[in-house]
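Colleague: One structure follows; several queries about it will come next.
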Amino acid sequence: MSSRVPLPGFALSLGYTLTFMSLIVFLPLAAIAWKSADLSWEQFVQTVSHPRALAAMRLTFSTALIAAAINIVLGLIVAWVLVRYEFPFKRWVDALIDLPFALPTAVAGLVYASLYMKDGWIGRFIVPMGIEIAYTPAAIVMVLVFTGFPFVVRAVQPVLEEIDTDLEEASAILGATRWQTFWMVLWPNLRPAVVTGFALALARGLGEYGSVIFVSSNLPGKTEVAPTLIVARIEENKFAEATALALVLLLSSFALLGLINVWEKWSRRHEA
Amino acid sequence: MNALFKFLTGSAVASACLLALLQPLAPRPADGLLHVSFDATREVLLEMAESFSASCTRNGIAAPRMVHSHGSSGSQARAVVAGLPADIVSLAVWPDLKTVVTQGLPGLVEADWLKKPSPWYTTMVFVVRRGNPKGIQSWQDLDRPDVQVMLPNPKVSGNGKLAFLALMGAGKLAGLSESELEGYLRRVLGRVPVLESSSRAATLSFATKGLGDVQITYESEAELVLREGLDLEKVIPEVSIMAPLPMAPVVRASQTAEHCEFVGKYMDYFVSEEAQEIVVKHGFRPVNPAVIARHAERFARPKRFFTVEDVAGSWDDASKKIFGQDGLFDRVMAP
Amino acid sequence: MKPDTSTAAQPRRQRAAQDPLWLRVLLTSIALAIVGILIFLPILHVFVHAFSEGPFRYFEHLFGDSANRDAILTTLSVAPRAVILNLVFGVSAAWLIARFRFPGRTLLLTMVDLPFAISPVVVGLALVLLYGNQGLLGPRLSSAGITVLFNTPALVLATTFVTLPFIVRELIPLMESVGPDEELAALSLGASGWQMFWLVTLPGLRLGLLYGIILCSARAVGEFGAVYVVSGRIAGRGQTIPLRVEQLFQQYQSPADFALASILTGIALASLFARRLLESASGPRKIQSATTSGDAA
């Protein structure tokens, strides 16, 4: 074999790894490929271009994009404060950031569903103000902001910590305002991390199901996201259609991630 | 050669690990009868199971433990087809039983169960907020622009299908033409705040989350929310749909003869006077003549019933033309 | 690693001086408000509602109801199996990927990340298509009397799929950063392959393993989408805690629901705490990025 170092265990670990991956990951995915062959190309196109499917895809992508964009702003502010400022209970706040990674999505959905209800802790203040979040697409954005929140913070934090403050001082001495310094000195350094965090939050948001079913009204064409539609199709016993939708969701999230990666690499090279 | 051997060893170890850890924790005692049923039957089947086991004990038979699974009628049918080890399946609508018969492994449910009479029936009624603030009495009232109607998703829920068919039937009785009917359905469905996946989920959203002004649901769900003491009222319309709730035994390879015997006993017990009183208590409609006679007054309303056949010709037509892909339901829901 | 933290405190105060006080106060309040509303309030909400009827009723909700007891037991049975499976896999795959260069290595690395990119619902669908009675293997298995779907095996398979990357993703960078020198030394001193593995490799991975196990367990306990699709919804038989939470949500059982949710929240908080402890023992960590990890070689 082409191992570079004479360490043992190559064949053994290769055998173990490939077999395990095949049984756990590849075999089920092959079943999806097998099932999607049940549909002719016309049927496939018809299924995924059905108004209900299109509406679900549009909602999935728009809510995930909006949530990821909100997370850029929130994440930058929180990461900035955590790295640059001192305040009481900072360690606790820092530790809490990861909670959305660890908290089961069903719990997140359960809590968010009751927080924004008419008589919920937050709902009782904002509903009289005319802000209805429960069961609107805004509720979906809310839970996606929650589930994707740590990605941007945790991607930006280490980069921010390593940035040399000399640059900022030099910029300030040269007469730049704080805002100009941020935009022209810090932002180019932070951008790759922000893009990474954004992409991860986006990918997470595209596939999110557990929390969304609690807070969305699941109305076809209005508040139904793609994963919900897939489950609905499974429950209607329409596996081929569920598979077609799953395939589109899968490929489009791959494509989106790939696109972001390529764009980031291109713009980095472009600037250099 | 040595490398290949090691590769295969790794491969074998991986498979062995997986197999070892996939074993169910402890072999479950095989004494339980699994009754797979639709969502609205949680309470009634629990009481039925207790009373069945009491009746077994009275007759000197060791009573089997009953286990239940609940979900929307459509998804429960799907689960049984996919291999959920059910002993009895009871569904909200006939097409779901047909799904089990036609799509399940051969013999899972014998085809003649599609033609047998059901052991119970249901009808669709309204549940409104206490005091009926919107004054909802009839199917026509649902057409008002200020009335939001709750019903679950007809694609998966039996409650949803029956509610939709009831809307159609009421519209037809009121003399609406085909296009007027579609407009009526489009307006009513267009105001539905949440299309939940099952009857129970819709009840929950209506009762505790305060969504909608009126819920079209099983009479039994209406009884349930009243029993729970929620701020709601039941309104029985003048006319409504009457639909049988199919129930059938499921045949599996892993079943024991004892299992099958108990399934038969349970099915027989279900139409006995004692069992049908439980059916009535929970707001379902009985088939036992003695029980029907005893509760004649209670069943005086709705005054007039129509059946699925009256509305759609047959269940097969309904599944295809109304609830099928791009059927009437899809058309009125299209944005 | 250590001196880094002590010297960082000094310049940090200088940096902070660069922002005017009003801005510092404003941004800090905004950040606290974000974390408060987004994260702290929901946690508080869970516990307040769980204990709304007093601690006695809380435990009655948890352990008095047989279906809830069963859900706790099922989760305790399913999650550790998924973690063990991914642990052994993680060590094997990390050894393979970090220590050897071979054709298809980058592809394998990408495949390891695949479960991150796939919606759990799709994972559930895949298992239904494979093991369902209308599926590829289902009919054959069921005629042999084996039920995978709606049974513990499906829960374990779904959970393992979804949590597959967590441990291996921790181990690969760790192994790469340590390098093979000590292992080579052990070999040249006459140790056998297994001796080297047990005495040199594994001890070096201790912290990464712990960290991965914590991440993996937290996720395995809470998995919902994938197990939702493959579960039989039988109250009291093979329902995990998150599934039971959803079921109780459908049954007006608000306090009981939040009681169960509080267990999950507790586990999540405990995992955060454990990670903090590990980090203070091993120095700060950076986020493992699924998109930029491919170019480690």
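Each chain in the structure tokens gets a letter, A, B and so on, in the order shown; residues start at 1 in every chain, and ligands are counted from 1 in the order they appear.
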Hey, what's within 7 Å of segment 211-216 of chain C if we count only C-alpha atoms and toss same-chain stuff fewer than 3 positions away? As an mmCIF file with N, CA and C atoms, in the first residue's frame, please?

Modeller:
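As written to disk, result_21.cif reads:
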data_model
loop_
_atom_site.group_PDB
_atom_site.id
_atom_site.type_symbol
_atom_site.label_atom_id
_atom_site.label_comp_id
_atom_site.auth_asym_id
_atom_site.auth_seq_id
_atom_site.Cartn_x
_atom_site.Cartn_y
_atom_site.Cartn_z
ATOM 1 N N VAL C 83 -22.921 5.764 20.838
ATOM 2 C CA VAL C 83 -21.643 6.371 21.220
ATOM 3 C C VAL C 83 -20.521 5.332 21.133
ATOM 4 N N THR C 163 -24.835 10.856 14.447
ATOM 5 C CA THR C 163 -23.755 11.307 15.319
ATOM 6 C C THR C 163 -22.388 10.810 14.861
ATOM 7 N N PHE C 166 -18.955 13.098 15.026
ATOM 8 C CA PHE C 166 -18.505 13.850 16.196
ATOM 9 C C PHE C 166 -17.162 13.393 16.753
ATOM 10 N N ILE C 167 -17.023 12.087 17.010
ATOM 11 C CA ILE C 167 -15.797 11.623 17.656
ATOM 12 C C ILE C 167 -14.627 11.625 16.674
ATOM 13 N N GLU C 170 -13.059 14.947 16.141
ATOM 14 C CA GLU C 170 -12.204 15.391 17.235
ATOM 15 C C GLU C 170 -10.827 14.741 17.145
ATOM 16 N N LEU C 207 -7.933 13.158 25.935
ATOM 17 C CA LEU C 207 -8.789 14.344 26.014
ATOM 18 C C LEU C 207 -9.729 14.445 24.810
ATOM 19 N N GLY C 208 -9.177 14.166 23.635
ATOM 20 C CA GLY C 208 -9.996 14.222 22.422
ATOM 21 C C GLY C 208 -11.128 13.210 22.480
ATOM 22 N N ARG C 219 -25.642 14.829 21.519
ATOM 23 C CA ARG C 219 -26.409 14.782 20.276
ATOM 24 C C ARG C 219 -27.227 13.493 20.187
ATOM 25 N N ALA C 220 -26.640 12.380 20.620
ATOM 26 C CA ALA C 220 -27.327 11.087 20.511
ATOM 27 C C ALA C 220 -28.573 11.062 21.391
ATOM 28 N N SER C 271 -23.302 18.588 29.678
ATOM 29 C CA SER C 271 -22.279 18.380 28.646
ATOM 30 C C SER C 271 -21.488 19.672 28.418
ATOM 31 N N ARG C 275 -17.486 20.035 29.069
ATOM 32 C CA ARG C 275 -16.582 20.538 28.033
ATOM 33 C C ARG C 275 -15.731 21.680 28.566
#

Colleague: Hey, which bits of chain A sit within 6 Å of chain B, and for each residue what's the closest pair of atoms and how far apart in Å (one decimal), counting only C-alpha atoms, rows by chain and increasing number, as JSON lines?

Modeller:
{"residue": "A:Ala11", "atom": "CA", "partner": "B:Phe7", "partner_atom": "CA", "distance": 4.6}
{"residue": "A:Leu12", "atom": "CA", "partner": "B:Gly10", "partner_atom": "CA", "distance": 4.6}
{"residue": "A:Gly15", "atom": "CA", "partner": "B:Phe7", "partner_atom": "CA", "distance": 4.3}
{"residue": "A:Tyr16", "atom": "CA", "partner": "B:Gly10", "partner_atom": "CA", "distance": 4.2}
{"residue": "A:Thr19", "atom": "CA", "partner": "B:Ser11", "partner_atom": "CA", "distance": 5.3}
{"residue": "A:Phe20", "atom": "CA", "partner": "B:Ala14", "partner_atom": "CA", "distance": 5.7}
{"residue": "A:Ser217", "atom": "CA", "partner": "B:Val194", "partner_atom": "CA", "distance": 4.4}
{"residue": "A:Asn218", "atom": "CA", "partner": "B:Leu195", "partner_atom": "CA", "distance": 5.9}
{"residue": "A:Leu219", "atom": "CA", "partner": "B:Leu195", "partner_atom": "CA", "distance": 5.3}
{"residue": "A:Glu235", "atom": "CA", "partner": "B:Ser75", "partner_atom": "CA", "distance": 4.4}
{"residue": "A:Glu236", "atom": "CA", "partner": "B:Val156", "partner_atom": "CA", "distance": 5.8}
{"residue": "A:Asn237", "atom": "CA", "partner": "B:Arg78", "partner_atom": "CA", "distance": 5.7}

Colleague: Can you tell me which residues surround Thr160 of chain C at a distance of at most 12 Å, considering only C-alpha atoms, apart from same-chain residues fewer than 5 positions away, and format the answer as a VMD selection string?

Modeller: (chain A and resid 20 to 21 23 to 25) or (chain B and resid 18 21 to 22) or (chain C and resid 78 to 90 115 120 123 to 124 127 153 to 155 165 to 167 216 to 217 219 to 221 223 226 to 227)

Colleague: Quote the spacing between atom CA of Ala256 of chain C and atom CA of His61 of chain C in Å to one decimal place.

Modeller: 5.1 Å

Colleague: Would you give me, as an mmCIF file with N, CA and C atoms, in the first residue's frame, the residues of chain A that come within 7 Å of chain C, using only C-alpha atoms?

Modeller:
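See result_27.cif below for the written result:
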data_model
loop_
_atom_site.group_PDB
_atom_site.id
_atom_site.type_symbol
_atom_site.label_atom_id
_atom_site.label_comp_id
_atom_site.auth_asym_id
_atom_site.auth_seq_id
_atom_site.Cartn_x
_atom_site.Cartn_y
_atom_site.Cartn_z
ATOM 1 N N SER A 2 0.209 2.365 -0.181
ATOM 2 C CA SER A 2 1.000 3.568 -0.370
ATOM 3 C C SER A 2 1.180 4.347 0.930
ATOM 4 N N SER A 3 1.239 3.652 2.052
ATOM 5 C CA SER A 3 1.426 4.360 3.301
ATOM 6 C C SER A 3 2.826 4.972 3.343
ATOM 7 N N ARG A 4 2.869 6.180 3.938
ATOM 8 C CA ARG A 4 4.127 6.918 3.907
ATOM 9 C C ARG A 4 5.051 6.431 5.018
ATOM 10 N N PRO A 8 1.761 0.096 11.614
ATOM 11 C CA PRO A 8 0.871 -1.048 11.384
ATOM 12 C C PRO A 8 -0.592 -0.618 11.347
ATOM 13 N N PHE A 10 -2.858 -0.501 8.839
ATOM 14 C CA PHE A 10 -3.525 0.155 7.713
ATOM 15 C C PHE A 10 -4.681 -0.683 7.186
ATOM 16 N N SER A 13 -7.553 -1.129 9.829
ATOM 17 C CA SER A 13 -8.422 0.033 10.043
ATOM 18 C C SER A 13 -9.190 0.381 8.772
ATOM 19 N N LEU A 14 -8.580 0.115 7.621
ATOM 20 C CA LEU A 14 -9.289 0.353 6.356
ATOM 21 C C LEU A 14 -10.518 -0.554 6.278
ATOM 22 N N TYR A 16 -12.128 -2.018 8.756
ATOM 23 C CA TYR A 16 -13.120 -1.647 9.755
ATOM 24 C C TYR A 16 -13.888 -0.403 9.314
ATOM 25 N N THR A 17 -13.123 0.632 8.937
ATOM 26 C CA THR A 17 -13.729 1.920 8.602
ATOM 27 C C THR A 17 -14.682 1.798 7.419
ATOM 28 N N ILE A 24 -23.494 1.681 7.906
ATOM 29 C CA ILE A 24 -24.244 2.753 8.568
ATOM 30 C C ILE A 24 -24.669 3.833 7.575
ATOM 31 N N VAL A 25 -23.764 4.255 6.697
ATOM 32 C CA VAL A 25 -24.025 5.432 5.865
ATOM 33 C C VAL A 25 -24.388 5.061 4.422
ATOM 34 N N PRO A 28 -27.874 2.834 3.567
ATOM 35 C CA PRO A 28 -29.122 3.609 3.554
ATOM 36 C C PRO A 28 -29.175 4.609 2.400
ATOM 37 N N LEU A 29 -28.049 5.268 2.109
ATOM 38 C CA LEU A 29 -28.072 6.245 1.027
ATOM 39 C C LEU A 29 -28.294 5.550 -0.318
ATOM 40 N N ALA A 31 -30.146 3.032 -0.668
ATOM 41 C CA ALA A 31 -31.590 2.772 -0.731
ATOM 42 C C ALA A 31 -32.323 3.985 -1.298
ATOM 43 N N ILE A 32 -31.840 5.178 -0.957
ATOM 44 C CA ILE A 32 -32.467 6.393 -1.501
ATOM 45 C C ILE A 32 -32.262 6.447 -3.014
ATOM 46 N N ILE A 77 -21.483 40.529 17.018
ATOM 47 C CA ILE A 77 -21.593 41.347 18.231
ATOM 48 C C ILE A 77 -21.161 40.539 19.455
ATOM 49 N N VAL A 78 -21.716 39.320 19.567
ATOM 50 C CA VAL A 78 -21.436 38.517 20.755
ATOM 51 C C VAL A 78 -19.959 38.122 20.795
ATOM 52 N N VAL A 81 -17.860 41.164 21.825
ATOM 53 C CA VAL A 81 -17.979 41.481 23.247
ATOM 54 C C VAL A 81 -17.223 40.458 24.084
ATOM 55 N N ARG A 84 -13.301 41.109 23.360
ATOM 56 C CA ARG A 84 -12.700 42.406 23.639
ATOM 57 C C ARG A 84 -13.046 43.009 24.988
ATOM 58 N N TYR A 85 -14.192 42.689 25.541
ATOM 59 C CA TYR A 85 -14.615 43.364 26.760
ATOM 60 C C TYR A 85 -14.573 42.416 27.949
ATOM 61 N N ALA A 95 -19.946 30.086 28.112
ATOM 62 C CA ALA A 95 -20.279 28.658 28.132
ATOM 63 C C ALA A 95 -21.664 28.407 27.559
ATOM 64 N N LEU A 99 -24.974 26.082 23.966
ATOM 65 C CA LEU A 99 -26.171 25.313 24.324
ATOM 66 C C LEU A 99 -26.973 24.825 23.112
ATOM 67 N N ALA A 102 -25.979 21.567 21.974
ATOM 68 C CA ALA A 102 -26.187 20.444 22.890
ATOM 69 C C ALA A 102 -27.652 20.184 23.183
ATOM 70 N N LEU A 103 -28.485 21.228 23.098
ATOM 71 C CA LEU A 103 -29.886 21.055 23.475
ATOM 72 C C LEU A 103 -30.651 20.330 22.370
ATOM 73 N N PRO A 104 -31.364 19.245 22.718
ATOM 74 C CA PRO A 104 -32.139 18.545 21.700
ATOM 75 C C PRO A 104 -33.120 19.498 21.020
ATOM 76 N N THR A 105 -33.254 19.336 19.712
ATOM 77 C CA THR A 105 -34.083 20.279 18.967
ATOM 78 C C THR A 105 -35.544 20.201 19.386
ATOM 79 N N ALA A 106 -35.976 19.021 19.852
ATOM 80 C CA ALA A 106 -37.368 18.904 20.289
ATOM 81 C C ALA A 106 -37.623 19.823 21.476
ATOM 82 N N VAL A 107 -36.631 19.930 22.368
ATOM 83 C CA VAL A 107 -36.783 20.808 23.523
ATOM 84 C C VAL A 107 -36.808 22.262 23.059
ATOM 85 N N VAL A 111 -39.995 24.736 23.766
ATOM 86 C CA VAL A 111 -39.883 25.982 24.524
ATOM 87 C C VAL A 111 -40.242 27.181 23.660
ATOM 88 N N PHE A 146 -31.804 30.235 16.627
ATOM 89 C CA PHE A 146 -31.349 29.556 17.839
ATOM 90 C C PHE A 146 -30.416 28.396 17.497
ATOM 91 N N ARG A 154 -18.597 30.877 17.303
ATOM 92 C CA ARG A 154 -17.446 30.003 17.535
ATOM 93 C C ARG A 154 -16.452 30.032 16.374
ATOM 94 N N ALA A 155 -16.912 30.419 15.194
ATOM 95 C CA ALA A 155 -15.977 30.534 14.072
ATOM 96 C C ALA A 155 -15.190 31.842 14.166
ATOM 97 N N PRO A 158 -12.062 32.679 17.721
ATOM 98 C CA PRO A 158 -10.607 32.440 17.720
ATOM 99 C C PRO A 158 -9.858 33.373 16.774
ATOM 100 N N THR A 165 -3.570 43.756 17.559
ATOM 101 C CA THR A 165 -4.166 45.082 17.755
ATOM 102 C C THR A 165 -3.307 46.202 17.187
ATOM 103 N N THR A 196 -17.552 30.815 6.910
ATOM 104 C CA THR A 196 -17.633 29.440 7.396
ATOM 105 C C THR A 196 -18.796 29.273 8.361
ATOM 106 N N ALA A 203 -26.439 25.346 6.455
ATOM 107 C CA ALA A 203 -26.620 23.914 6.210
ATOM 108 C C ALA A 203 -27.477 23.299 7.303
ATOM 109 N N GLY A 207 -31.813 21.634 6.911
ATOM 110 C CA GLY A 207 -32.314 20.296 7.227
ATOM 111 C C GLY A 207 -33.091 20.217 8.518
ATOM 112 N N GLU A 208 -33.242 21.350 9.217
ATOM 113 C CA GLU A 208 -33.823 21.312 10.547
ATOM 114 C C GLU A 208 -35.290 20.881 10.520
ATOM 115 N N TYR A 209 -35.628 19.935 11.379
ATOM 116 C CA TYR A 209 -36.999 19.440 11.423
ATOM 117 C C TYR A 209 -37.569 19.480 12.836
ATOM 118 N N GLY A 210 -36.799 18.909 13.763
ATOM 119 C CA GLY A 210 -37.306 18.716 15.126
ATOM 120 C C GLY A 210 -37.908 19.954 15.742
ATOM 121 N N PRO A 227 -38.221 19.705 4.911
ATOM 122 C CA PRO A 227 -38.207 18.479 5.716
ATOM 123 C C PRO A 227 -39.599 18.070 6.198
ATOM 124 N N ALA A 246 -36.091 14.656 -1.033
ATOM 125 C CA ALA A 246 -34.888 14.514 -0.213
ATOM 126 C C ALA A 246 -33.648 14.729 -1.063
ATOM 127 N N LEU A 250 -30.911 17.567 -0.586
ATOM 128 C CA LEU A 250 -29.526 17.139 -0.381
ATOM 129 C C LEU A 250 -28.594 17.841 -1.360
#

Colleague: What are the nearest atom pairs, with distances in Å to one decimal, for all residues of chain C that come at most 7 Å from chain B, using only C-alpha atoms, set out by chain and rising residue number as JSON lines?

Modeller:
{"residue": "C:Arg81", "atom": "CA", "partner": "B:Leu21", "partner_atom": "CA", "distance": 6.1}
{"residue": "C:Gly132", "atom": "CA", "partner": "B:Ala82", "partner_atom": "CA", "distance": 4.6}
{"residue": "C:Asn133", "atom": "CA", "partner": "B:Ala82", "partner_atom": "CA", "distance": 4.6}
{"residue": "C:Gln134", "atom": "CA", "partner": "B:Ala82", "partner_atom": "CA", "distance": 6.3}
{"residue": "C:Gly145", "atom": "CA", "partner": "B:Ser254", "partner_atom": "CA", "distance": 6.6}
{"residue": "C:Leu149", "atom": "CA", "partner": "B:Gly83", "partner_atom": "CA", "distance": 6.9}
{"residue": "C:Phe150", "atom": "CA", "partner": "B:Leu84", "partner_atom": "CA", "distance": 5.8}
{"residue": "C:Thr152", "atom": "CA", "partner": "B:Pro24", "partner_atom": "CA", "distance": 5.5}
{"residue": "C:Pro153", "atom": "CA", "partner": "B:Leu22", "partner_atom": "CA", "distance": 4.8}
{"residue": "C:Val156", "atom": "CA", "partner": "B:Leu22", "partner_atom": "CA", "distance": 6.7}
{"residue": "C:Gly232", "atom": "CA", "partner": "B:Leu84", "partner_atom": "CA", "distance": 6.3}
{"residue": "C:Arg233", "atom": "CA", "partner": "B:Ser69", "partner_atom": "CA", "distance": 5.4}
{"residue": "C:Ile234", "atom": "CA", "partner": "B:Ser69", "partner_atom": "CA", "distance": 4.0}
{"residue": "C:Ala235", "atom": "CA", "partner": "B:Ser69", "partner_atom": "CA", "distance": 6.1}
{"residue": "C:Gln250", "atom": "CA", "partner": "B:Ala201", "partner_atom": "CA", "distance": 5.4}
{"residue": "C:Tyr252", "atom": "CA", "partner": "B:Leu204", "partner_atom": "CA", "distance": 6.6}

Colleague: Would you write out those residues with N, CA and C atoms, as a PDB file, in the first residue's frame?

Modeller:
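Below you can see again.pdb, which holds the result:
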ATOM      1  N   ARG C  81     -25.137   2.977  23.003  1.00  0.00           N
ATOM      2  CA  ARG C  81     -24.716   2.073  21.928  1.00  0.00           C
ATOM      3  C   ARG C  81     -24.204   2.865  20.734  1.00  0.00           C
ATOM      4  N   GLY C 132     -37.786  -1.230   5.665  1.00  0.00           N
ATOM      5  CA  GLY C 132     -39.240  -1.359   5.666  1.00  0.00           C
ATOM      6  C   GLY C 132     -39.677  -2.572   4.887  1.00  0.00           C
ATOM      7  N   ASN C 133     -40.914  -3.005   5.101  1.00  0.00           N
ATOM      8  CA  ASN C 133     -41.391  -4.192   4.395  1.00  0.00           C
ATOM      9  C   ASN C 133     -41.552  -3.972   2.896  1.00  0.00           C
ATOM     10  N   GLN C 134     -41.571  -2.672   2.472  1.00  0.00           N
ATOM     11  CA  GLN C 134     -41.588  -2.412   1.032  1.00  0.00           C
ATOM     12  C   GLN C 134     -40.187  -2.076   0.544  1.00  0.00           C
ATOM     13  N   GLY C 145     -37.757 -13.274  10.516  1.00  0.00           N
ATOM     14  CA  GLY C 145     -38.208 -12.964  11.869  1.00  0.00           C
ATOM     15  C   GLY C 145     -37.464 -11.817  12.526  1.00  0.00           C
ATOM     16  N   LEU C 149     -36.997  -1.988  11.720  1.00  0.00           N
ATOM     17  CA  LEU C 149     -37.776  -0.761  11.816  1.00  0.00           C
ATOM     18  C   LEU C 149     -38.711  -0.847  13.027  1.00  0.00           C
ATOM     19  N   PHE C 150     -39.027   0.287  13.613  1.00  0.00           N
ATOM     20  CA  PHE C 150     -39.922   0.371  14.764  1.00  0.00           C
ATOM     21  C   PHE C 150     -39.399  -0.422  15.942  1.00  0.00           C
ATOM     22  N   THR C 152     -35.603  -1.291  18.498  1.00  0.00           N
ATOM     23  CA  THR C 152     -34.349  -0.698  18.954  1.00  0.00           C
ATOM     24  C   THR C 152     -33.289  -0.603  17.853  1.00  0.00           C
ATOM     25  N   PRO C 153     -33.090  -1.641  17.022  1.00  0.00           N
ATOM     26  CA  PRO C 153     -32.028  -1.531  16.012  1.00  0.00           C
ATOM     27  C   PRO C 153     -32.153  -0.287  15.139  1.00  0.00           C
ATOM     28  N   VAL C 156     -30.983   2.723  17.030  1.00  0.00           N
ATOM     29  CA  VAL C 156     -29.521   2.761  17.153  1.00  0.00           C
ATOM     30  C   VAL C 156     -28.897   3.156  15.812  1.00  0.00           C
ATOM     31  N   GLY C 232     -42.143   3.571  16.101  1.00  0.00           N
ATOM     32  CA  GLY C 232     -43.499   3.067  15.969  1.00  0.00           C
ATOM     33  C   GLY C 232     -44.504   3.811  16.829  1.00  0.00           C
ATOM     34  N   ARG C 233     -44.049   4.848  17.541  1.00  0.00           N
ATOM     35  CA  ARG C 233     -44.946   5.657  18.376  1.00  0.00           C
ATOM     36  C   ARG C 233     -45.751   4.804  19.347  1.00  0.00           C
ATOM     37  N   ILE C 234     -45.157   3.760  19.872  1.00  0.00           N
ATOM     38  CA  ILE C 234     -45.863   2.932  20.830  1.00  0.00           C
ATOM     39  C   ILE C 234     -45.518   3.455  22.210  1.00  0.00           C
ATOM     40  N   ALA C 235     -46.536   4.010  22.889  1.00  0.00           N
ATOM     41  CA  ALA C 235     -46.269   4.555  24.220  1.00  0.00           C
ATOM     42  C   ALA C 235     -45.746   3.439  25.103  1.00  0.00           C
ATOM     43  N   GLN C 250     -48.519  16.568  22.339  1.00  0.00           N
ATOM     44  CA  GLN C 250     -49.787  16.348  21.649  1.00  0.00           C
ATOM     45  C   GLN C 250     -50.901  15.947  22.606  1.00  0.00           C
ATOM     46  N   TYR C 252     -51.696  17.505  25.818  1.00  0.00           N
ATOM     47  CA  TYR C 252     -51.977  18.478  26.882  1.00  0.00           C
ATOM     48  C   TYR C 252     -51.127  18.290  28.131  1.00  0.00           C
TER      49      TYR C 252
END

Colleague: Taking the DSSP assignment computed from this structure's backbone, write out as a PyMOL selection string all residues of segment 40-233 of chain B that belong to strand (DSSP E or B).

Modeller: chain B and resi 66-71+88-90+121-129+149-150+214-218+232-233

Colleague: Between atom CA of Ile61 of chain B and atom CA of Ser66 of chain C, measure the distance and give it in Å to one decimal.

Modeller: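 Atom CA of Ile61 of chain B sits 24.8 Å away from atom CA of Ser66 of chain C.
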
Colleague: Any idea what the distance is between atom CA of Val231 of chain A and atom CA of Leu245 of chain A?

Modeller: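 So the two atoms, atom CA of Val231 of chain A and atom CA of Leu245 of chain A, lie 10.3 Å apart.
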
Colleague: Could you pull out all residues of segment 105-269 of chain A with a DSSP call of helix (DSSP H, G or I) and give them as a ChimeraX atom specification?

Modeller: /A:105-115,123-126,137-162,165-173,178-207,210-215,226-235,239-269

Colleague: I need the residue nearest Met175 of chain C from this list: C:Gly104, C:Gly54, C:Gly64, C:Gly204. Use only C-alpha atoms for the distance.

Modeller: C:Gly204

Colleague: Could you name the residues that touch Val156 of chain A at 8 Å or less, counting only C-alpha atoms, but leaving out those on the same chain fewer than 4 positions away, as a PyMOL selection string?

Modeller: chain A and resi 75-76+79+152+160+190+193-194+197

Colleague: Can you pull out every residue within 12 Å of Pro133 of chain B, counting only C-alpha atoms, but drop anything in the same chain fewer than 5 positions away, and send it as a PyMOL selection string?

Modeller: chain B and resi 127-128+146-147+213-214+231-233

Colleague: Which is closest to Gly324 of chain B among A:Ile133, A:Val48, A:Lys238, A:Ser62, if we use only C-alpha atoms?

Modeller: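 Nearest candidate to Gly324 of chain B out of A:Ile133, A:Val48, A:Lys238, A:Ser62: A:Lys238.
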